[in-house]
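Data block for data_27.cif (mmCIF, C-alpha atoms and all ligand atoms):
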```
data_protein
#
loop_
_atom_site.label_atom_id
_atom_site.label_comp_id
_atom_site.auth_asym_id
_atom_site.auth_seq_id
_atom_site.Cartn_x
_atom_site.Cartn_y
_atom_site.Cartn_z
CA MET Z 1 221.70 232.04 34.62
CA LYS Z 2 223.79 232.18 37.77
CA VAL Z 3 221.31 231.68 40.61
CA LEU Z 4 223.35 233.31 43.40
CA GLY Z 5 221.77 236.64 44.38
CA LYS Z 6 218.73 236.22 42.13
CA VAL Z 7 215.10 236.53 43.22
CA ALA Z 8 212.48 233.90 42.27
CA VAL Z 9 208.69 233.80 42.40
CA ILE Z 10 207.25 230.27 42.53
CA THR Z 11 203.55 229.39 42.51
CA GLY Z 12 202.20 226.27 44.20
CA GLY Z 13 205.21 226.28 46.53
CA ALA Z 14 203.64 224.87 49.70
CA ARG Z 15 204.44 221.28 48.76
CA GLY Z 16 205.48 219.00 45.87
CA PHE Z 17 207.61 220.35 43.05
CA GLY Z 18 207.10 223.98 44.07
CA LYS Z 19 208.54 223.40 47.52
CA ALA Z 20 211.45 221.36 46.14
CA PHE Z 21 212.21 224.00 43.46
CA SER Z 22 212.15 226.70 46.16
CA GLU Z 23 214.59 224.76 48.30
CA ALA Z 24 216.92 224.06 45.36
CA LEU Z 25 217.10 227.77 44.47
CA LEU Z 26 217.60 228.79 48.12
CA LYS Z 27 220.45 226.26 48.38
CA ARG Z 28 222.15 228.03 45.46
CA GLY Z 29 221.86 231.47 47.08
CA ALA Z 30 218.64 232.85 45.61
CA LYS Z 31 215.88 234.59 47.52
CA VAL Z 32 212.48 232.98 47.03
CA CYS Z 33 208.98 234.34 47.26
CA PHE Z 34 206.62 231.36 47.04
CA ALA Z 35 202.87 231.43 46.79
CA ASP Z 36 200.10 228.96 47.47
CA ILE Z 37 196.36 228.80 48.06
CA ASP Z 38 197.08 226.44 50.99
CA VAL Z 39 197.85 228.76 53.90
CA SER Z 40 198.73 226.20 56.57
CA GLY Z 41 200.93 224.21 54.15
CA GLY Z 42 202.58 227.42 52.98
CA GLN Z 43 203.26 228.60 56.51
CA GLN Z 44 204.70 225.21 57.46
CA SER Z 45 207.04 225.24 54.43
CA GLN Z 46 207.98 228.85 55.22
CA ARG Z 47 209.03 227.80 58.74
CA GLU Z 48 211.07 224.84 57.43
CA LEU Z 49 212.82 226.82 54.69
CA ALA Z 50 213.46 229.85 56.92
CA ALA Z 51 215.05 227.57 59.54
CA LYS Z 52 217.45 226.23 56.87
CA PHE Z 53 218.15 229.34 54.81
CA GLY Z 54 217.27 232.30 57.04
CA GLU Z 55 214.13 234.40 57.54
CA THR Z 56 215.34 237.06 55.12
CA SER Z 57 215.73 234.67 52.18
CA VAL Z 58 212.27 233.16 51.88
CA HIS Z 59 208.80 234.63 51.94
CA PHE Z 60 205.40 232.91 51.70
CA VAL Z 61 202.44 234.75 50.17
CA LYS Z 62 198.90 233.40 50.31
CA CYS Z 63 197.71 233.57 46.72
CA ASP Z 64 195.06 231.85 44.64
CA VAL Z 65 196.61 232.19 41.18
CA ALA Z 66 193.15 231.95 39.61
CA LYS Z 67 192.36 235.35 41.17
CA GLU Z 68 193.91 238.17 39.16
CA GLU Z 69 194.17 240.67 42.01
CA GLU Z 70 195.85 238.13 44.33
CA PHE Z 71 198.36 237.30 41.58
CA ARG Z 72 199.14 241.01 41.07
CA ASP Z 73 199.54 241.37 44.86
CA LEU Z 74 202.04 238.50 44.86
CA PHE Z 75 204.29 240.43 42.45
CA ARG Z 76 203.84 243.66 44.45
CA GLU Z 77 204.76 241.86 47.65
CA CYS Z 78 207.82 240.21 46.12
CA LEU Z 79 209.08 243.51 44.70
CA SER Z 80 208.46 245.31 47.95
CA LYS Z 81 210.40 242.66 49.91
CA PHE Z 82 213.17 241.64 47.51
CA LYS Z 83 213.22 244.62 45.05
CA LYS Z 84 213.46 242.57 41.83
CA ILE Z 85 212.29 239.41 40.07
CA ASN Z 86 214.76 237.35 37.99
CA ILE Z 87 213.10 233.92 37.91
CA MET Z 88 209.38 233.15 37.54
CA VAL Z 89 208.09 229.61 37.94
CA ASN Z 90 204.46 229.00 37.00
CA ASN Z 91 204.14 225.69 38.81
CA ALA Z 92 200.70 225.65 40.49
CA GLY Z 93 198.45 223.09 38.82
CA ILE Z 94 195.51 220.83 39.54
CA LEU Z 95 193.70 217.77 38.24
CA ASP Z 96 189.93 218.27 37.94
CA GLU Z 97 188.23 216.57 35.03
CA ALA Z 98 184.68 217.08 36.39
CA GLY Z 99 185.43 220.73 37.14
CA TRP Z 100 187.37 221.24 33.91
CA GLU Z 101 186.72 225.00 33.85
CA LYS Z 102 188.65 225.30 37.14
CA CYS Z 103 191.44 223.21 35.63
CA ILE Z 104 191.70 225.71 32.75
CA ASP Z 105 191.59 228.68 35.17
CA VAL Z 106 194.45 227.39 37.33
CA ASN Z 107 196.65 225.50 34.87
CA MET Z 108 196.27 227.69 31.79
CA THR Z 109 194.82 231.15 32.43
CA ALA Z 110 196.83 231.72 35.61
CA MET Z 111 200.02 230.45 33.96
CA MET Z 112 199.49 233.00 31.16
CA ARG Z 113 198.81 235.76 33.69
CA GLY Z 114 201.91 234.86 35.71
CA THR Z 115 203.99 234.88 32.53
CA TYR Z 116 202.70 238.29 31.36
CA LEU Z 117 203.21 239.81 34.82
CA ALA Z 118 206.76 238.44 34.95
CA LEU Z 119 207.53 239.74 31.42
CA GLU Z 120 206.40 243.21 32.54
CA LYS Z 121 208.51 243.21 35.71
CA MET Z 122 211.60 241.71 34.02
CA ASN Z 123 211.54 244.28 31.19
CA PRO Z 124 214.58 246.59 31.54
CA GLU Z 125 212.36 249.51 30.44
CA ASN Z 126 210.39 248.97 33.64
CA GLY Z 127 213.51 248.70 35.80
CA GLY Z 128 213.85 244.91 35.40
CA GLU Z 129 217.03 242.95 34.67
CA GLY Z 130 215.67 240.40 32.20
CA GLY Z 131 215.25 236.90 33.57
CA THR Z 132 214.04 233.35 33.11
CA ILE Z 133 210.46 232.09 33.10
CA ILE Z 134 209.89 228.35 33.61
CA ASN Z 135 206.38 227.07 32.96
CA VAL Z 136 205.56 223.63 34.33
CA SER Z 137 203.73 221.53 31.75
CA SER Z 138 203.85 217.71 31.77
CA PHE Z 139 204.39 214.56 29.73
CA ALA Z 140 200.68 215.24 29.20
CA GLY Z 141 201.69 218.43 27.39
CA LEU Z 142 203.32 216.35 24.67
CA TYR Z 143 201.09 213.25 24.50
CA PRO Z 144 197.37 212.54 24.88
CA ALA Z 145 195.85 210.66 27.83
CA HIS Z 146 192.20 209.61 27.79
CA PHE Z 147 192.01 209.67 31.60
CA LEU Z 148 192.93 213.38 31.67
CA PRO Z 149 191.50 215.23 28.62
CA ALA Z 150 191.02 218.66 30.22
CA TYR Z 151 194.36 218.48 32.04
CA VAL Z 152 196.06 217.40 28.80
CA ALA Z 153 194.52 220.37 26.98
CA THR Z 154 195.92 222.79 29.57
CA LYS Z 155 199.36 221.19 29.51
CA HIS Z 156 199.51 221.28 25.68
CA GLY Z 157 198.44 224.94 25.98
CA ILE Z 158 201.31 225.74 28.35
CA LEU Z 159 203.78 224.21 25.91
CA GLY Z 160 202.45 226.10 22.87
CA PHE Z 161 202.19 229.40 24.72
CA THR Z 162 205.67 229.23 26.22
CA ARG Z 163 207.38 228.14 23.00
CA SER Z 164 205.57 230.89 21.08
CA LEU Z 165 206.70 233.67 23.44
CA ALA Z 166 210.23 232.27 23.38
CA MET Z 167 210.30 232.98 19.62
CA ASP Z 168 209.52 236.67 20.12
CA PRO Z 169 212.58 238.82 19.36
CA LEU Z 170 211.21 241.51 21.67
CA TYR Z 171 211.66 239.37 24.79
CA GLN Z 172 214.99 238.07 23.52
CA SER Z 173 216.18 241.68 23.20
CA GLN Z 174 215.11 242.28 26.80
CA GLY Z 175 217.23 239.36 28.05
CA ILE Z 176 214.20 237.27 28.96
CA GLN Z 177 214.19 233.50 28.34
CA LEU Z 178 211.21 231.15 28.52
CA ALA Z 179 211.34 227.36 28.90
CA THR Z 180 208.92 224.51 29.53
CA LEU Z 181 209.41 221.65 31.99
CA CYS Z 182 207.52 218.43 31.17
CA PRO Z 183 207.68 215.89 33.98
CA ALA Z 184 206.08 212.46 33.60
CA PHE Z 185 204.66 210.83 36.75
CA ALA Z 186 206.49 211.88 39.91
CA SER Z 187 205.97 211.10 43.57
CA THR Z 188 204.08 214.17 44.76
CA ASN Z 189 200.61 214.18 46.30
CA MET Z 190 199.12 214.77 42.84
CA VAL Z 191 200.02 211.16 41.98
CA THR Z 192 200.47 209.40 45.33
CA ASP Z 193 197.02 210.44 46.61
CA ILE Z 194 195.44 208.68 43.61
CA ILE Z 195 197.56 205.55 43.99
CA GLN Z 196 196.86 205.41 47.73
CA GLY Z 197 193.14 206.13 47.23
CA GLU Z 198 193.08 209.31 49.36
CA ALA Z 199 189.56 210.65 49.82
CA GLY Z 200 188.25 212.37 46.69
CA SER Z 201 191.47 212.04 44.70
CA ARG Z 202 190.28 209.37 42.23
CA GLN Z 203 187.26 211.51 41.36
CA LYS Z 204 189.63 214.13 39.93
CA ILE Z 205 190.46 212.00 36.89
CA LEU Z 206 188.70 209.53 34.57
CA TYR Z 207 189.47 205.79 34.63
CA PRO Z 208 191.68 205.92 37.75
CA ASP Z 209 192.44 202.18 37.51
CA VAL Z 210 193.81 202.68 33.98
CA ALA Z 211 195.87 205.63 35.15
CA ILE Z 212 197.36 203.63 38.02
CA LYS Z 213 198.26 200.80 35.60
CA ILE Z 214 200.03 203.33 33.36
CA THR Z 215 202.02 204.70 36.31
CA GLU Z 216 203.17 201.12 36.95
CA ASN Z 217 204.25 200.70 33.31
CA MET Z 218 205.95 204.07 32.98
CA GLY Z 219 207.43 204.22 36.49
CA ILE Z 220 207.39 207.16 38.84
CA CYS Z 221 210.16 209.76 39.05
CA SER Z 222 211.38 211.08 42.38
CA VAL Z 223 210.87 214.76 43.14
CA ALA Z 224 214.69 215.01 43.10
CA ASP Z 225 214.77 213.78 39.46
CA ILE Z 226 212.44 216.58 38.42
CA THR Z 227 214.20 219.19 40.55
CA ASP Z 228 217.49 218.26 38.91
CA GLY Z 229 215.98 219.00 35.48
CA PHE Z 230 214.44 222.23 36.74
CA ILE Z 231 217.80 223.47 38.02
CA GLU Z 232 219.51 222.44 34.78
CA LEU Z 233 217.11 224.67 32.84
CA VAL Z 234 217.50 227.63 35.20
CA GLU Z 235 221.29 227.41 35.27
CA LYS Z 236 221.77 226.97 31.50
CA GLU Z 237 223.26 229.96 29.77
CA ASN Z 238 220.55 229.69 27.12
CA CYS Z 239 217.34 227.81 27.93
CA ASN Z 240 215.14 229.95 25.69
CA GLY Z 241 212.54 227.79 23.91
CA ASP Z 242 213.73 224.59 25.61
CA VAL Z 243 211.22 221.85 26.38
CA LEU Z 244 212.61 219.37 28.89
CA LEU Z 245 210.77 216.06 29.24
CA ILE Z 246 211.73 213.86 32.19
CA ASP Z 247 210.46 210.34 32.72
CA LYS Z 248 211.53 207.45 34.88
CA LYS Z 249 212.81 205.13 32.14
CA ASN Z 250 214.61 207.63 29.90
CA GLY Z 251 215.55 210.47 32.24
CA LYS Z 252 216.00 213.98 30.78
CA GLN Z 253 215.15 214.43 27.11
CA TYR Z 254 215.15 217.79 25.33
CA GLN Z 255 212.33 217.96 22.76
CA PHE Z 256 212.20 219.81 19.39
CA VAL Z 257 215.98 220.21 19.53
CA ASN Z 258 216.42 220.48 15.78
CA LYS Z 259 213.93 223.30 15.47
CA THR Z 260 214.96 226.88 15.92
CA THR Z 261 212.84 229.04 18.17
CA SER Z 262 212.84 232.04 15.89
N1 LIG Z 301 203.45 215.08 40.10
C1 LIG Z 301 203.48 214.77 38.83
O1 LIG Z 301 203.57 213.61 38.46
C2 LIG Z 301 203.45 215.86 37.81
C3 LIG Z 301 203.86 215.53 36.52
C4 LIG Z 301 203.86 216.51 35.53
C5 LIG Z 301 203.49 217.80 35.85
N2 LIG Z 301 203.10 218.10 37.10
C6 LIG Z 301 202.75 219.49 37.36
O2 LIG Z 301 203.63 220.00 38.34
C7 LIG Z 301 203.02 221.07 39.01
C8 LIG Z 301 203.15 220.87 40.51
O3 LIG Z 301 202.43 219.69 40.83
P1 LIG Z 301 202.79 218.75 42.07
O4 LIG Z 301 202.96 217.41 41.52
O5 LIG Z 301 203.84 219.35 42.91
O6 LIG Z 301 201.37 218.76 42.79
P2 LIG Z 301 200.92 219.04 44.29
O7 LIG Z 301 199.45 218.83 44.26
O8 LIG Z 301 201.75 218.30 45.25
O9 LIG Z 301 201.26 220.60 44.49
C9 LIG Z 301 200.54 221.59 43.85
C10 LIG Z 301 200.54 222.84 44.71
O10 LIG Z 301 199.82 223.84 44.00
C11 LIG Z 301 198.94 224.49 44.91
N3 LIG Z 301 197.82 225.08 44.21
C12 LIG Z 301 196.76 224.45 43.65
N4 LIG Z 301 195.89 225.34 43.17
C13 LIG Z 301 196.40 226.57 43.42
C14 LIG Z 301 195.95 227.88 43.17
N5 LIG Z 301 194.77 228.11 42.60
N6 LIG Z 301 196.72 228.90 43.55
C15 LIG Z 301 197.92 228.67 44.16
N7 LIG Z 301 198.38 227.46 44.45
C16 LIG Z 301 197.62 226.41 44.08
C17 LIG Z 301 198.51 223.39 45.86
O11 LIG Z 301 197.96 223.90 47.07
C18 LIG Z 301 199.80 222.62 46.05
O12 LIG Z 301 200.57 223.14 47.11
C19 LIG Z 301 201.59 221.12 38.49
O13 LIG Z 301 201.47 222.09 37.50
C20 LIG Z 301 201.38 219.74 37.90
O14 LIG Z 301 200.40 219.76 36.90
C21 LIG Z 301 203.07 217.17 38.09
C1 LIG Z 302 197.20 210.12 37.62
C2 LIG Z 302 197.98 211.32 37.98
C3 LIG Z 302 198.08 212.30 36.87
C4 LIG Z 302 199.32 213.14 37.00
C5 LIG Z 302 199.46 214.03 35.81
C6 LIG Z 302 200.89 214.43 35.62
O1 LIG Z 302 201.03 215.59 34.84
C7 LIG Z 302 201.70 213.33 35.03
C8 LIG Z 302 201.32 212.97 33.64
C9 LIG Z 302 202.31 211.97 33.20
C10 LIG Z 302 202.13 211.03 32.35
C11 LIG Z 302 200.95 210.80 31.56
C12 LIG Z 302 200.93 209.73 30.83
C13 LIG Z 302 199.90 209.41 29.87
C14 LIG Z 302 200.04 208.31 29.19
C15 LIG Z 302 199.05 207.80 28.18
O2 LIG Z 302 199.03 208.56 27.02
C16 LIG Z 302 199.39 206.37 27.83
O3 LIG Z 302 198.58 205.98 26.79
C17 LIG Z 302 200.83 206.16 27.49
C18 LIG Z 302 201.16 204.71 27.73
C19 LIG Z 302 202.66 204.53 27.87
C20 LIG Z 302 202.99 203.25 28.59
O4 LIG Z 302 202.12 202.57 29.10
O5 LIG Z 302 204.21 202.94 28.61
#
```
Represent the structure contained in this file as structure tokens.
Amino acid sequence: MKVLGKVAVITGGARGFGKAFSEALLKRGAKVCFADIDVSGGQQSQRELAAKFGETSVHFVKCDVAKEEEFRDLFRECLSKFKKINIMVNNAGILDEAGWEKCIDVNMTAMMRGTYLALEKMNPENGGEGGTIINVSSFAGLYPAHFLPAYVATKHGILGFTRSLAMDPLYQSQGIQLATLCPAFASTNMVTDIIQGEAGSRQKILYPDVAIKITENMGICSVADITDGFIELVEKENCNGDVLLIDKKNGKQYQFVNKTTS
């Protein structure tokens, strides 16, 4: 898809990947409506991005994606401000092994809700123009990890859900593509807080010392490495059904490439 003139909705956009993805799309001439549960972080990112790309290009919406009504309001607000939605990025995600139900609510249920809402708004029968939906899974969506069982379950779920919808001829006929991004460890707060021992962060996973050892063995991607893969997917003429794994040692690797999606 050509990004210039398109409108994107991005969840979890106050910091980390979501903020970087927002900036990368703005740089290429898109308008971005980003959402986050973190109001002060979201407002700060809004100020920074508006200073670089203009007040009329970027809009922050306070939204807890685990709350259905707030998620619906996010779409209403984006449509009211920017009139259309061409790109949906379900990026918001958390680690919470003790509170695994919350992990499922945010990583899995909300990702499904965001996908279904985007499919509805992108449908030409509802006035949409088709579009691209990128769901952010993980290396942990492709491989197990005993320090993250609930998180791994949600990330495998994202992969299976997104690939399944990508096979559906209905969405293909509506000009809608769905792809999955699978980053390995990258230097956002999700990982750096654990390595640096930020208060409460190591309680979010099991066996934090094992996890830290694995980050040392696998290496840690920069946010720019992951953003580069994200933009590659969005800009591809056909990203439908793609699963893009990115890790420090091997870079970008498309998965399941010999399998058709329909
Ligand atoms: N950093 C990594 O190594 C890594 C690797 C693979 C996948 N991921 C995935 O990438 C995505 C982004 O993670 P990140 O690394 O940028 O983490 P991050 O913690 O830096 O950012 C996540 C953002 O999501 C927001 N968020 C959390 N719960 C929310 C909710 N209920 N509603 C709305 N916003 C909410 C947070 O406030 C935060 O701004 C996540 O889905 C994560 O699972 C991260
Ligand atoms: C601790 C922070 C968790 C961040 C979660 C992100 O989604 C990133 C997940 C990325 C990688 C997960 C790796 C899991 C690896 C294990 O399965 C391990 O056994 C693999 C060992 C490979 C190696 O040591 O080279």
### Query
What do you get as a PyMOL selection string if you pick all residues at most 6 Å from ligand LIG 302 (chain Z), counting all atoms listed in the file?
chain Z and resi 138-140+143-145+184-185+191+211+214+217-218
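Across Z:Ala8, Z:Val243, Z:Ile158, Z:Leu119, the tightest approach to ligand LIG 301 (chain Z) is made by Z:Ile158 when counting all atoms listed in the file.
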### Task
Counting all atoms listed in the file, name the residues that have an atom within 7 Å of an atom of ligand LIG 301 (chain Z); the answer should be given as a VMD selection string.
chain Z and resid 11 to 18 35 to 38 63 to 66 91 to 94 106 to 107 136 to 139 182 to 191
### Interatomic distance (Å, one decimal) between atom CA of Val39 of chain Z and atom CA of Lys62 of chain Z
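Calculated distance between atom CA of Val39 of chain Z and atom CA of Lys62 of chain Z is 6.0 Å.
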### Task
Identify, on the basis of all atoms listed in the file, every residue whose closest approach to Val9 of chain Z does not exceed 12 Å; exclude the query and any residue fewer than 5 positions from it along the same chain; express the result as a PyMOL selection string.
chain Z and resi 18-19+21-22+25-26+30-36+58-61+63+71+74-79+81-82+84-92+114-115+117-118+121-122+131-135
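If you count all atoms listed in the file and ignore residues fewer than 2 places along the chain from Ile226 of chain Z, what sits within 8 Å of it is Phe17, Pro183, Ala186, Cys221, Ser222, Val223, Ala224, Asp228, Gly229, Phe230 and Ile246 of chain Z.
If you measure from each of Z:Ile231, Z:Leu181, Z:Met112, Z:Cys239 to Ala24 of chain Z using all atoms listed in the file, the closest one turns out to be Z:Ile231.
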### Query
For Lys83 of chain Z, which of Z:Glu97, Z:Glu129, Z:Glu235, Z:Glu23 is the closest residue, counting only C-alpha atoms?
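The answer is Z:Glu129, which sits nearest to Lys83 of chain Z.
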### Message
Using only C-alpha atoms, can you tell me which of Z:Ala166, Z:Gly175, Z:Phe161, Z:Lys249 comes closest to Glu125 of chain Z?
### Response
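Of the candidates, the smallest distance to Glu125 of chain Z is held by Z:Gly175.
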### Task
May I have the protein, DNA and RNA residues with an atom at most 7 Å from (213.4, 207.1, 36.3), counting all atoms listed in the file in the file's coordinates, returned as a ChimeraX atom specification?
/Z:219-221,247-251
Any chance you could export the current selection's C-alpha atoms as a PDB file, in the frame of the given file?
```
ATOM      1  CA  GLY Z 219     207.430 204.220  36.490  1.00  0.00           C
ATOM      2  CA  ILE Z 220     207.390 207.160  38.840  1.00  0.00           C
ATOM      3  CA  CYS Z 221     210.160 209.760  39.050  1.00  0.00           C
ATOM      4  CA  ASP Z 247     210.460 210.340  32.720  1.00  0.00           C
ATOM      5  CA  LYS Z 248     211.530 207.450  34.880  1.00  0.00           C
ATOM      6  CA  LYS Z 249     212.810 205.130  32.140  1.00  0.00           C
ATOM      7  CA  ASN Z 250     214.610 207.630  29.900  1.00  0.00           C
ATOM      8  CA  GLY Z 251     215.550 210.470  32.240  1.00  0.00           C
TER       9      GLY Z 251
END
```
